[in-house]
$ cat input.cif   # mmCIF, C-alpha atoms (C1' of nucleotides)
data_my_file
loop_
_atom_site.group_PDB
_atom_site.id
_atom_site.type_symbol
_atom_site.label_atom_id
_atom_site.label_comp_id
_atom_site.auth_asym_id
_atom_site.auth_seq_id
_atom_site.Cartn_x
_atom_site.Cartn_y
_atom_site.Cartn_z
ATOM 1 C CA MET W 1 4.814 -1.824 -5.135
ATOM 2 C CA PRO W 2 4.176 -2.026 -1.493
ATOM 3 C CA GLU W 3 1.826 -4.324 0.319
ATOM 4 C CA LEU W 4 2.458 -5.876 3.713
ATOM 5 C CA PRO W 5 5.498 -8.044 2.809
ATOM 6 C CA GLU W 6 7.168 -5.237 0.846
ATOM 7 C CA VAL W 7 6.549 -2.685 3.604
ATOM 8 C CA GLU W 8 7.851 -5.161 6.195
ATOM 9 C CA THR W 9 11.014 -5.665 4.110
ATOM 10 C CA ILE W 10 11.518 -1.937 3.715
ATOM 11 C CA ALA W 11 10.906 -1.217 7.415
ATOM 12 C CA ARG W 12 13.401 -3.902 8.479
ATOM 13 C CA GLY W 13 15.983 -2.656 6.015
ATOM 14 C CA VAL W 14 15.627 0.950 7.107
ATOM 15 C CA ASP W 15 15.651 -0.037 10.791
ATOM 16 C CA GLU W 16 18.910 -1.922 10.368
ATOM 17 C CA ARG W 17 20.523 1.104 8.774
ATOM 18 C CA VAL W 18 19.275 4.050 10.801
ATOM 19 C CA ARG W 19 18.255 2.902 14.276
ATOM 20 C CA GLY W 20 19.855 5.138 16.917
ATOM 21 C CA ARG W 21 20.795 7.874 14.455
ATOM 22 C CA ARG W 22 19.838 11.490 14.985
ATOM 23 C CA ILE W 23 18.154 13.523 12.260
ATOM 24 C CA VAL W 24 20.096 16.768 11.921
ATOM 25 C CA SER W 25 18.154 18.498 9.171
ATOM 26 C CA VAL W 26 15.161 17.986 6.914
ATOM 27 C CA TRP W 27 14.452 19.134 3.377
ATOM 28 C CA THR W 28 11.050 19.080 1.762
ATOM 29 C CA GLY W 29 10.160 20.032 -1.791
ATOM 30 C CA SER W 30 8.508 23.360 -2.443
ATOM 31 C CA LYS W 31 5.536 22.361 -4.593
ATOM 32 C CA PRO W 32 2.406 20.888 -3.011
ATOM 33 C CA GLU W 33 3.973 17.667 -1.805
ATOM 34 C CA PRO W 34 2.195 14.405 -0.983
ATOM 35 C CA PHE W 35 2.132 15.049 2.751
ATOM 36 C CA LYS W 36 -0.686 14.477 5.191
ATOM 37 C CA SER W 37 0.906 16.734 7.809
ATOM 38 C CA ALA W 38 1.988 20.263 6.903
ATOM 39 C CA PRO W 39 5.615 20.393 5.689
ATOM 40 C CA GLU W 40 6.598 22.751 8.542
ATOM 41 C CA LYS W 41 5.199 20.290 11.057
ATOM 42 C CA ILE W 42 7.194 17.466 9.533
ATOM 43 C CA VAL W 43 10.390 19.492 9.575
ATOM 44 C CA GLU W 44 9.789 20.537 13.179
ATOM 45 C CA ALA W 45 9.032 17.022 14.400
ATOM 46 C CA LEU W 46 11.958 15.330 12.682
ATOM 47 C CA THR W 47 14.736 17.849 13.188
ATOM 48 C CA GLY W 48 16.891 16.912 16.185
ATOM 49 C CA SER W 49 14.986 13.684 16.823
ATOM 50 C CA VAL W 50 16.632 10.329 17.469
ATOM 51 C CA ILE W 51 15.310 7.275 15.621
ATOM 52 C CA GLN W 52 14.419 4.652 18.218
ATOM 53 C CA LYS W 53 12.960 2.060 15.908
ATOM 54 C CA VAL W 54 11.551 1.585 12.411
ATOM 55 C CA HIS W 55 8.722 -0.899 12.031
ATOM 56 C CA ARG W 56 5.567 -1.685 10.061
ATOM 57 C CA VAL W 57 1.894 -1.215 10.877
ATOM 58 C CA GLY W 58 -0.383 -2.346 8.033
ATOM 59 C CA LYS W 59 1.027 -0.717 4.914
ATOM 60 C CA HIS W 60 2.651 2.098 6.888
ATOM 61 C CA VAL W 61 6.322 2.375 7.753
ATOM 62 C CA VAL W 62 6.405 3.784 11.298
ATOM 63 C CA ILE W 63 9.490 5.546 12.604
ATOM 64 C CA ASP W 64 9.527 6.059 16.391
ATOM 65 C CA LEU W 65 11.240 9.290 17.428
ATOM 66 C CA THR W 66 12.369 10.864 20.698
ATOM 67 C CA ARG W 67 14.002 14.147 21.496
ATOM 68 C CA ALA W 68 15.445 15.407 24.765
ATOM 69 C CA ALA W 69 13.708 18.766 24.821
ATOM 70 C CA GLY W 70 12.989 20.225 28.232
ATOM 71 C CA ALA W 71 12.435 18.109 31.310
ATOM 72 C CA GLU W 72 10.032 15.466 30.043
ATOM 73 C CA GLY W 73 11.391 15.161 26.521
ATOM 74 C CA TRP W 74 9.436 14.736 23.353
ATOM 75 C CA GLN W 75 8.264 11.686 21.507
ATOM 76 C CA GLY W 76 6.522 11.185 18.257
ATOM 77 C CA GLN W 77 6.093 8.992 15.202
ATOM 78 C CA TRP W 78 6.872 9.585 11.579
ATOM 79 C CA LEU W 79 4.435 7.688 9.359
ATOM 80 C CA VAL W 80 5.293 6.872 5.774
ATOM 81 C CA HIS W 81 2.725 5.442 3.390
ATOM 82 C CA LEU W 82 4.331 4.463 0.110
ATOM 83 C CA GLY W 83 1.207 4.492 -2.038
ATOM 84 C CA MET W 84 1.869 2.568 -5.219
ATOM 85 C CA THR W 85 5.291 3.796 -6.243
ATOM 86 C CA GLY W 86 6.838 5.202 -3.065
ATOM 87 C CA ARG W 87 10.364 4.356 -1.924
ATOM 88 C CA LEU W 88 12.205 4.976 1.292
ATOM 89 C CA LEU W 89 15.914 4.968 0.595
ATOM 90 C CA VAL W 90 18.912 5.257 2.870
ATOM 91 C CA SER W 91 21.641 6.801 0.751
ATOM 92 C CA HIS W 92 25.050 8.384 0.964
ATOM 93 C CA PRO W 93 24.860 12.086 0.112
ATOM 94 C CA ASP W 94 27.075 11.676 -2.949
ATOM 95 C CA VAL W 95 24.534 9.378 -4.585
ATOM 96 C CA ALA W 96 22.432 11.446 -7.007
ATOM 97 C CA VAL W 97 19.023 12.413 -5.641
ATOM 98 C CA PRO W 98 16.408 10.622 -7.767
ATOM 99 C CA LEU W 99 13.708 12.461 -9.673
ATOM 100 C CA HIS W 100 10.456 12.839 -7.666
ATOM 101 C CA THR W 101 12.202 13.044 -4.292
ATOM 102 C CA HIS W 102 9.780 14.845 -1.966
ATOM 103 C CA ALA W 103 11.634 14.789 1.362
ATOM 104 C CA ILE W 104 15.147 14.175 2.678
ATOM 105 C CA ALA W 105 16.123 13.652 6.313
ATOM 106 C CA GLN W 106 19.844 14.088 6.848
ATOM 107 C CA LEU W 107 21.374 11.918 9.591
ATOM 108 C CA ASP W 108 24.216 12.678 11.998
ATOM 109 C CA ASP W 109 26.554 10.349 10.095
ATOM 110 C CA GLY W 110 25.931 12.199 6.830
ATOM 111 C CA ARG W 111 23.644 9.635 5.241
ATOM 112 C CA GLU W 112 20.117 10.538 4.189
ATOM 113 C CA ILE W 113 16.681 9.003 4.358
ATOM 114 C CA ARG W 114 14.974 9.900 1.068
ATOM 115 C CA PHE W 115 11.276 9.688 0.295
ATOM 116 C CA VAL W 116 10.793 9.252 -3.436
ATOM 117 C CA ASP W 117 7.434 8.782 -5.127
ATOM 118 C CA PRO W 118 6.841 9.415 -8.859
ATOM 119 C CA ARG W 119 3.107 8.865 -8.757
ATOM 120 C CA ARG W 120 2.608 10.869 -5.560
ATOM 121 C CA PHE W 121 0.098 8.496 -4.025
ATOM 122 C CA GLY W 122 2.274 8.101 -0.939
ATOM 123 C CA ARG W 123 1.844 10.214 2.206
ATOM 124 C CA LEU W 124 4.056 11.505 5.013
ATOM 125 C CA GLN W 125 2.619 12.320 8.416
ATOM 126 C CA VAL W 126 3.915 13.035 11.917
ATOM 127 C CA LEU W 127 2.257 12.321 15.258
ATOM 128 C CA ASP W 128 3.101 14.203 18.429
ATOM 129 C CA LEU W 129 3.015 11.740 21.335
ATOM 130 C CA SER W 130 4.392 13.966 24.065
ATOM 131 C CA PRO W 131 2.708 13.482 27.449
ATOM 132 C CA SER W 132 2.154 17.239 27.469
ATOM 133 C CA ARG W 133 -0.204 16.764 24.535
ATOM 134 C CA ALA W 134 -2.544 14.650 26.651
ATOM 135 C CA SER W 135 -6.093 15.912 26.456
ATOM 136 C CA LYS W 136 -8.786 15.785 29.129
ATOM 137 C CA LYS W 137 -11.531 13.261 28.608
ATOM 138 C CA ARG W 138 -15.112 13.939 29.729
ATOM 139 C CA ASP W 139 -14.551 12.315 33.115
ATOM 140 C CA GLY W 140 -11.496 14.483 33.705
ATOM 141 C CA GLU W 141 -9.012 11.645 33.165
ATOM 142 C CA LEU W 142 -5.974 12.519 31.121
ATOM 143 C CA GLU W 143 -5.894 10.777 27.779
ATOM 144 C CA GLU W 144 -2.429 10.055 26.429
ATOM 145 C CA PRO W 145 -1.929 10.763 22.736
ATOM 146 C CA LYS W 146 -2.185 7.423 20.961
ATOM 147 C CA ARG W 147 0.550 5.606 19.110
ATOM 148 C CA PHE W 148 -0.377 4.667 15.560
ATOM 149 C CA THR W 149 -2.179 1.329 15.471
ATOM 150 C CA GLY W 150 -3.284 1.391 11.862
ATOM 151 C CA THR W 151 -6.652 1.352 10.176
ATOM 152 C CA GLY W 152 -7.678 -2.251 10.831
ATOM 153 C CA GLN W 153 -6.535 -5.624 12.184
ATOM 154 C CA GLU W 154 -3.050 -6.984 11.599
ATOM 155 C CA PRO W 155 -3.339 -9.965 9.202
ATOM 156 C CA LEU W 156 -0.462 -11.858 10.816
ATOM 157 C CA ALA W 157 -1.733 -11.351 14.362
ATOM 158 C CA ILE W 158 -5.465 -11.981 14.020
ATOM 159 C CA SER W 159 -6.945 -15.272 15.253
ATOM 160 C CA PRO W 160 -8.941 -17.442 12.839
ATOM 161 C CA GLU W 161 -12.071 -16.750 14.914
ATOM 162 C CA ALA W 162 -11.667 -12.974 14.802
ATOM 163 C CA PHE W 163 -10.896 -13.244 11.086
ATOM 164 C CA ARG W 164 -14.176 -15.068 10.484
ATOM 165 C CA GLU W 165 -16.078 -12.506 12.543
ATOM 166 C CA LEU W 166 -14.585 -9.689 10.491
ATOM 167 C CA PHE W 167 -16.054 -10.927 7.203
ATOM 168 C CA ARG W 168 -19.244 -12.611 8.395
ATOM 169 C CA SER W 169 -21.623 -9.764 7.652
ATOM 170 C CA ARG W 170 -19.966 -8.260 4.566
ATOM 171 C CA ARG W 171 -22.153 -8.256 1.478
ATOM 172 C CA THR W 172 -19.332 -7.637 -0.905
ATOM 173 C CA PRO W 173 -17.025 -9.868 -2.929
ATOM 174 C CA ILE W 174 -14.416 -11.459 -0.659
ATOM 175 C CA LYS W 175 -11.669 -9.931 -2.808
ATOM 176 C CA SER W 176 -12.995 -6.419 -2.110
ATOM 177 C CA ALA W 177 -13.350 -7.201 1.587
ATOM 178 C CA LEU W 178 -9.720 -8.364 1.735
ATOM 179 C CA LEU W 179 -8.653 -5.045 0.222
ATOM 180 C CA ASN W 180 -10.706 -3.034 2.730
ATOM 181 C CA GLN W 181 -8.047 -1.573 5.018
ATOM 182 C CA SER W 182 -10.517 -0.788 7.789
ATOM 183 C CA LEU W 183 -11.067 -4.535 8.254
ATOM 184 C CA LEU W 184 -7.613 -6.010 7.692
ATOM 185 C CA HIS W 185 -4.757 -3.657 6.901
ATOM 186 C CA GLY W 186 -1.793 -4.611 4.780
ATOM 187 C CA VAL W 187 -3.348 -6.875 2.131
ATOM 188 C CA GLY W 188 -3.277 -5.440 -1.383
ATOM 189 C CA ASN W 189 -4.063 -6.680 -4.863
ATOM 190 C CA ILE W 190 -1.269 -9.240 -5.218
ATOM 191 C CA TYR W 191 -1.734 -11.001 -1.892
ATOM 192 C CA ALA W 192 -5.531 -10.895 -2.072
ATOM 193 C CA ASP W 193 -5.409 -12.784 -5.401
ATOM 194 C CA GLU W 194 -2.693 -15.181 -4.282
ATOM 195 C CA SER W 195 -4.332 -16.087 -0.971
ATOM 196 C CA LEU W 196 -7.732 -16.649 -2.625
ATOM 197 C CA TYR W 197 -6.042 -18.971 -5.099
ATOM 198 C CA ARG W 198 -4.302 -20.865 -2.341
ATOM 199 C CA ALA W 199 -7.591 -21.183 -0.447
ATOM 200 C CA GLY W 200 -9.487 -22.290 -3.580
ATOM 201 C CA ILE W 201 -12.061 -19.480 -3.346
ATOM 202 C CA ARG W 202 -13.460 -17.415 -6.251
ATOM 203 C CA PRO W 203 -12.731 -13.716 -5.761
ATOM 204 C CA ARG W 204 -16.332 -12.801 -6.654
ATOM 205 C CA ARG W 205 -17.911 -14.895 -3.881
ATOM 206 C CA HIS W 206 -19.569 -12.682 -1.311
ATOM 207 C CA ALA W 207 -17.801 -12.653 2.045
ATOM 208 C CA ALA W 208 -21.000 -13.290 3.991
ATOM 209 C CA ARG W 209 -21.685 -16.434 1.937
ATOM 210 C CA LEU W 210 -18.405 -18.176 2.713
ATOM 211 C CA THR W 211 -18.540 -21.188 5.025
ATOM 212 C CA VAL W 212 -16.638 -21.419 8.295
ATOM 213 C CA ARG W 213 -14.407 -23.942 6.628
ATOM 214 C CA GLU W 214 -13.676 -21.644 3.664
ATOM 215 C CA LEU W 215 -12.864 -18.701 5.910
ATOM 216 C CA GLY W 216 -10.542 -20.985 7.870
ATOM 217 C CA ALA W 217 -8.798 -21.973 4.660
ATOM 218 C CA LEU W 218 -8.506 -18.319 3.650
ATOM 219 C CA TRP W 219 -7.017 -17.378 7.010
ATOM 220 C CA SER W 220 -4.414 -20.157 6.654
ATOM 221 C CA ALA W 221 -3.669 -19.201 3.053
ATOM 222 C CA LEU W 222 -3.138 -15.590 4.014
ATOM 223 C CA GLN W 223 -0.761 -16.529 6.841
ATOM 224 C CA SER W 224 1.357 -18.728 4.600
ATOM 225 C CA VAL W 225 1.366 -16.397 1.587
ATOM 226 C CA LEU W 226 2.383 -13.362 3.645
ATOM 227 C CA THR W 227 4.972 -15.257 5.690
ATOM 228 C CA GLU W 228 6.586 -16.763 2.606
ATOM 229 C CA ALA W 229 6.569 -13.429 0.811
ATOM 230 C CA ILE W 230 8.295 -11.707 3.739
ATOM 231 C CA ALA W 231 10.920 -14.463 3.781
ATOM 232 C CA LEU W 232 11.629 -13.756 0.097
ATOM 233 C CA GLY W 233 11.796 -9.999 0.555
ATOM 234 C CA GLY W 234 8.409 -9.279 -1.029
ATOM 235 C CA SER W 235 7.429 -9.136 -4.702
ATOM 236 C CA SER W 236 9.291 -6.924 -7.151
ATOM 237 C CA VAL W 237 6.837 -6.538 -9.986
ATOM 238 C CA SER W 238 8.147 -3.599 -11.946
ATOM 239 C CA ASP W 239 10.441 -1.604 -9.712
ATOM 240 C CA TYR W 240 12.573 -2.474 -6.740
ATOM 241 C CA VAL W 241 11.772 -3.078 -3.088
ATOM 242 C CA GLY W 242 14.271 -2.814 -0.220
ATOM 243 C CA ALA W 243 15.969 0.137 1.475
ATOM 244 C CA ASP W 244 19.218 -0.761 -0.320
ATOM 245 C CA GLY W 245 17.578 -1.231 -3.710
ATOM 246 C CA ALA W 246 17.572 -5.036 -3.498
ATOM 247 C CA LYS W 247 14.685 -6.803 -5.196
ATOM 248 C CA GLY W 248 12.367 -9.316 -3.619
ATOM 249 C CA PHE W 249 11.700 -12.742 -5.089
ATOM 250 C CA PHE W 250 8.128 -13.637 -4.234
ATOM 251 C CA GLN W 251 6.992 -12.631 -7.735
ATOM 252 C CA LEU W 252 8.534 -15.947 -8.841
ATOM 253 C CA GLU W 253 5.996 -17.685 -6.601
ATOM 254 C CA HIS W 254 2.937 -15.880 -7.945
ATOM 255 C CA LYS W 255 0.403 -18.447 -9.113
ATOM 256 C CA VAL W 256 -2.287 -16.156 -10.523
ATOM 257 C CA TYR W 257 -1.340 -12.505 -10.179
ATOM 258 C CA MET W 258 -0.528 -11.092 -13.657
ATOM 259 C CA ARG W 259 -0.616 -14.586 -15.167
ATOM 260 C CA THR W 260 -3.729 -14.184 -17.312
ATOM 261 C CA GLY W 261 -3.884 -16.895 -19.987
ATOM 262 C CA GLN W 262 -1.044 -18.910 -18.519
ATOM 263 C CA PRO W 263 -1.767 -22.439 -17.296
ATOM 264 C CA CYS W 264 -2.689 -22.929 -13.634
ATOM 265 C CA ALA W 265 0.218 -24.602 -11.805
ATOM 266 C CA ARG W 266 -2.184 -27.128 -10.282
ATOM 267 C CA CYS W 267 -4.576 -28.066 -13.097
ATOM 268 C CA GLY W 268 -3.335 -26.435 -16.298
ATOM 269 C CA THR W 269 -6.502 -24.396 -16.909
ATOM 270 C CA PRO W 270 -5.696 -20.920 -18.259
ATOM 271 C CA ILE W 271 -5.755 -18.229 -15.552
ATOM 272 C CA ARG W 272 -8.557 -15.706 -16.021
ATOM 273 C CA ARG W 273 -8.686 -11.990 -15.370
ATOM 274 C CA LEU W 274 -11.695 -9.914 -14.362
ATOM 275 C CA VAL W 275 -12.201 -6.469 -12.906
ATOM 276 C CA LEU W 276 -13.600 -6.328 -9.382
ATOM 277 C CA GLY W 277 -14.063 -3.046 -7.593
ATOM 278 C CA GLY W 278 -11.944 -1.411 -10.253
ATOM 279 C CA ARG W 279 -8.981 -3.685 -9.581
ATOM 280 C CA SER W 280 -7.776 -6.410 -11.897
ATOM 281 C CA THR W 281 -8.320 -9.793 -10.372
ATOM 282 C CA HIS W 282 -6.742 -13.097 -11.377
ATOM 283 C CA TYR W 283 -7.988 -16.601 -10.627
ATOM 284 C CA CYS W 284 -8.158 -20.193 -11.801
ATOM 285 C CA PRO W 285 -11.740 -21.009 -12.875
ATOM 286 C CA LYS W 286 -11.276 -24.681 -12.024
ATOM 287 C CA CYS W 287 -9.354 -24.588 -8.736
ATOM 288 C CA GLN W 288 -11.312 -21.689 -7.266
ATOM 289 C CA ARG W 289 -14.999 -22.285 -6.535
ATOM 290 C "C1'" DA Y 1 -23.994 2.727 7.126
ATOM 291 C "C1'" DG Y 2 -22.163 -0.177 3.772
ATOM 292 C "C1'" DG Y 3 -20.948 -0.672 -0.984
ATOM 293 C "C1'" DT Y 4 -19.358 1.040 -5.538
ATOM 294 C "C1'" DT Y 5 -17.207 4.215 -8.710
ATOM 295 C "C1'" DG Y 6 -14.057 7.442 -10.375
ATOM 296 C "C1'" DA Y 7 -10.322 10.766 -9.432
ATOM 297 C "C1'" DC Y 8 -5.844 11.464 -8.109
ATOM 298 C "C1'" DC Y 9 -0.592 11.183 -10.623
ATOM 299 C "C1'" DT Y 10 3.438 9.610 -13.624
ATOM 300 C "C1'" DG Y 11 5.693 6.304 -16.450
ATOM 301 C "C1'" DG Y 12 6.229 2.148 -19.081
ATOM 302 C "C1'" DA Y 13 4.527 -1.063 -22.602
ATOM 303 C "C1'" DC Y 14 2.308 -1.646 -26.753
ATOM 304 C "C1'" DG Y 15 0.071 -0.651 -31.295
ATOM 305 C "C1'" DC Y 16 -0.146 2.067 -35.338
ATOM 306 C "C1'" DT Q 1 10.770 8.287 -33.872
ATOM 307 C "C1'" DG Q 2 6.477 9.656 -32.135
ATOM 308 C "C1'" DC Q 3 2.003 9.822 -30.607
ATOM 309 C "C1'" DG Q 4 -2.121 7.844 -28.474
ATOM 310 C "C1'" DT Q 5 -4.077 4.418 -25.436
ATOM 311 C "C1'" DC Q 6 -4.130 1.433 -21.705
ATOM 312 C "C1'" DC Q 7 -2.435 -0.286 -17.532
ATOM 313 C "C1'" DA Q 8 -0.144 -0.273 -12.808
ATOM 314 C "C1'" DG Q 9 1.162 -2.783 -6.187
ATOM 315 C "C1'" DG Q 10 -3.426 2.459 -3.065
ATOM 316 C "C1'" DT Q 11 -6.445 5.487 -1.020
ATOM 317 C "C1'" DC Q 12 -10.242 8.855 -0.790
ATOM 318 C "C1'" DA Q 13 -14.313 11.594 -1.663
ATOM 319 C "C1'" DA Q 14 -18.628 11.395 -3.622
ATOM 320 C "C1'" DC Q 15 -22.348 8.949 -4.920
ATOM 321 C "C1'" DC Q 16 -26.248 5.177 -4.479
#
$ encode --input "input.cif" --output "structure tokens"
Amino acid sequence: MPELPEVETIARGVDERVRGRRIVSVWTGSKPEPFKSAPEKIVEALTGSVIQKVHRVGKHVVIDLTRAAGAEGWQGQWLVHLGMTGRLLVSHPDVAVPLHTHAIAQLDDGREIRFVDPRRFGRLQVLDLSPSRASKKRDGELEEPKRFTGTGQEPLAISPEAFRELFRSRRTPIKSALLNQSLLHGVGNIYADESLYRAGIRPRRHAARLTVRELGALWSALQSVLTEAIALGGSSVSDYVGADGAKGFFQLEHKVYMRTGQPCARCGTPIRRLVLGGRSTHYCPKCQR
DNA sequence: AGGTTGACCTGGACGC
DNA sequence: TGCGTCCAGGTCAACC
């Protein structure tokens, strides 16, 4: 489910519910779980930590943690990538634990943060940001461990000029470039298709061949599509979205995504589907040039 | 190096 | 009812 607007919705929902709470214990499944950090490391980092803030970076939910251990204290970040089917739920302990739950963090008020992911494409990771972990650079300066800044540029923070620069030299279809998380992070299949439709650009056009004007239109389209989707709580395509199980409503605004054969809202031409970079891609052959 | 493809998983929808 | 096939919002590693 989760692209930028869905992850933003989830992060806000979780933040509202757990900010300031202390994690008292952590359970992880026994099988090889979809973790990027070793399970013991995750348990060690989370146990006893206080949740300062939950926010989004790209498609990652980032949970800022601190712990008063020793004189200087400890700080770190818990990164959650939801893959395609991941959920981050805040539940009361008497609510049945769903199938495919891979980790549970129990809070000091008894509630639990549960990481559930049937398809196991999601990933959990912890970063140790303690000043004591600073490493010496070549010139002898101390280098602070870095907070997570994601894999690319933030779509809702990038300027139109920087956006243009990002795609200028890419010899790949613009749709594929939009999905490349090392350029922009956070855009996935739904919002790539929807923003290209809104900008009137064919997904197969090569990024490097787009005009300044077209890239400007794409930047604007992306801003409006993502902003509107966040306002509607994201898109619930097959399963749910928010931390409380509430669905989003942006799927009602989809103009091309999963609408193959249906008439274009603007011109009535049937929406077409093609496969680009292994991903299904939807567009209006008349409105998108 | 940049670009493309297939593998990784499970479950739901659909056809026979 | 049941089985097989195809498809799904995302990354990665491995290839060209």
$ closest_atom_pairs --input "input.cif" --of "chain Y" --to "chain W" --cutoff "10 Å" --atoms "only C-alpha atoms (C1' of nucleotides)" --output "CSV"
residue,atom,partner,partner_atom,distance
Y:DG2,C1',W:Arg171,CA,8.4
Y:DG3,C1',W:Thr172,CA,7.2
Y:DT4,C1',W:Gly277,CA,7.0
Y:DT5,C1',W:Gly278,CA,7.9
Y:DG6,C1',W:Gly278,CA,9.1
Y:DC8,C1',W:Phe121,CA,7.8
Y:DC9,C1',W:Arg119,CA,4.7
Y:DT10,C1',W:Arg119,CA,4.9
Y:DG11,C1',W:Pro118,CA,8.3
Y:DG12,C1',W:Ser238,CA,9.4
$ atom_distance --input "input.cif" --atom1 "C1' of DC14 (chain Y)" --atom2 "C1' of DG2 (chain Q)"
13.2 Å
$ resolve_selection --input "input.cif" --expression "the PyMOL selection byres ((chain Q) within 8 of (chain W))" --output "list in words"
DG9, DG10 and DT11 of chain Q
$ axis_aligned_box --input "input.cif" --around "chain Q" --padding-each-side "8 Å" --output "AutoDock Vina command-line options"
--center_x -7.7 --center_y 4.4 --center_z -17.3 --size_x 53.0 --size_y 30.4 --size_z 49.1
$ resolve_selection --input "input.cif" --expression "the PyMOL selection byres ((chain W and resi 252) around 12)" --output "VMD selection string"
chain W and resid 228 to 229 232 to 237 247 to 251 253 to 259
$ atom_distance --input "input.cif" --atom1 "CA of Gln52 (chain W)" --atom2 "CA of Val80 (chain W)"
15.6 Å
$ residues_around --input "input.cif" --residues "Leu46 (chain W)" --least-positions-apart "4" --cutoff "8 Å" --atoms "only C-alpha atoms (C1' of nucleotides)" --output "JSON, numbers by chain"
{"W": [23, 25, 26, 42, 65, 78, 105]}
$ resolve_selection --input "input.cif" --expression "the PyMOL selection byres ((chain Q and resi 7) around 9)" --output "list in words"
DA13 of chain Y; DC6 and DA8 of chain Q
$ atom_distance --input "input.cif" --atom1 "CA of Ser195 (chain W)" --atom2 "CA of Ala221 (chain W)"
5.1 Å
$ residues_around --input "input.cif" --residues "DG15 (chain Y)" --least-positions-apart "6" --cutoff "12 Å" --atoms "all atoms listed in the file" --output "MDAnalysis selection string"
chainID Q and resid 3:6
$ decode --input "input.cif" --residues "region 117-147 of chain W" --atoms "C-alpha atoms" --output "PDB file, in the first residue's frame"
ATOM      1  CA  ASP W 117       3.619  -7.635   6.925  1.00  0.00           C
ATOM      2  CA  PRO W 118       2.198 -10.668   5.065  1.00  0.00           C
ATOM      3  CA  ARG W 119       4.412 -10.331   2.025  1.00  0.00           C
ATOM      4  CA  ARG W 120       7.562  -9.625   4.041  1.00  0.00           C
ATOM      5  CA  PHE W 121       8.880  -6.935   1.735  1.00  0.00           C
ATOM      6  CA  GLY W 122       9.023  -4.460   4.611  1.00  0.00           C
ATOM      7  CA  ARG W 123      12.152  -3.867   6.706  1.00  0.00           C
ATOM      8  CA  LEU W 124      12.958  -2.811  10.266  1.00  0.00           C
ATOM      9  CA  GLN W 125      16.240  -1.131  11.111  1.00  0.00           C
ATOM     10  CA  VAL W 126      17.748   0.786  14.026  1.00  0.00           C
ATOM     11  CA  LEU W 127      20.372   3.530  13.965  1.00  0.00           C
ATOM     12  CA  ASP W 128      22.571   4.355  16.930  1.00  0.00           C
ATOM     13  CA  LEU W 129      23.046   8.134  17.045  1.00  0.00           C
ATOM     14  CA  SER W 130      24.821   8.426  20.373  1.00  0.00           C
ATOM     15  CA  PRO W 131      27.601  11.031  20.418  1.00  0.00           C
ATOM     16  CA  SER W 132      29.858   8.285  21.756  1.00  0.00           C
ATOM     17  CA  ARG W 133      29.485   6.542  18.406  1.00  0.00           C
ATOM     18  CA  ALA W 134      31.153   9.447  16.615  1.00  0.00           C
ATOM     19  CA  SER W 135      33.987   8.266  14.424  1.00  0.00           C
ATOM     20  CA  LYS W 136      37.199  10.090  13.545  1.00  0.00           C
ATOM     21  CA  LYS W 137      37.424  11.476  10.052  1.00  0.00           C
ATOM     22  CA  ARG W 138      40.734  11.619   8.165  1.00  0.00           C
ATOM     23  CA  ASP W 139      41.482  15.137   9.382  1.00  0.00           C
ATOM     24  CA  GLY W 140      40.916  14.069  12.976  1.00  0.00           C
ATOM     25  CA  GLU W 141      37.567  15.858  13.292  1.00  0.00           C
ATOM     26  CA  LEU W 142      34.863  13.933  15.067  1.00  0.00           C
ATOM     27  CA  GLU W 143      32.035  12.921  12.789  1.00  0.00           C
ATOM     28  CA  GLU W 144      28.647  12.649  14.463  1.00  0.00           C
ATOM     29  CA  PRO W 145      26.574   9.627  13.484  1.00  0.00           C
ATOM     30  CA  LYS W 146      24.055  10.841  10.924  1.00  0.00           C
ATOM     31  CA  ARG W 147      20.308  10.998  11.305  1.00  0.00           C
TER      32      ARG W 147
END
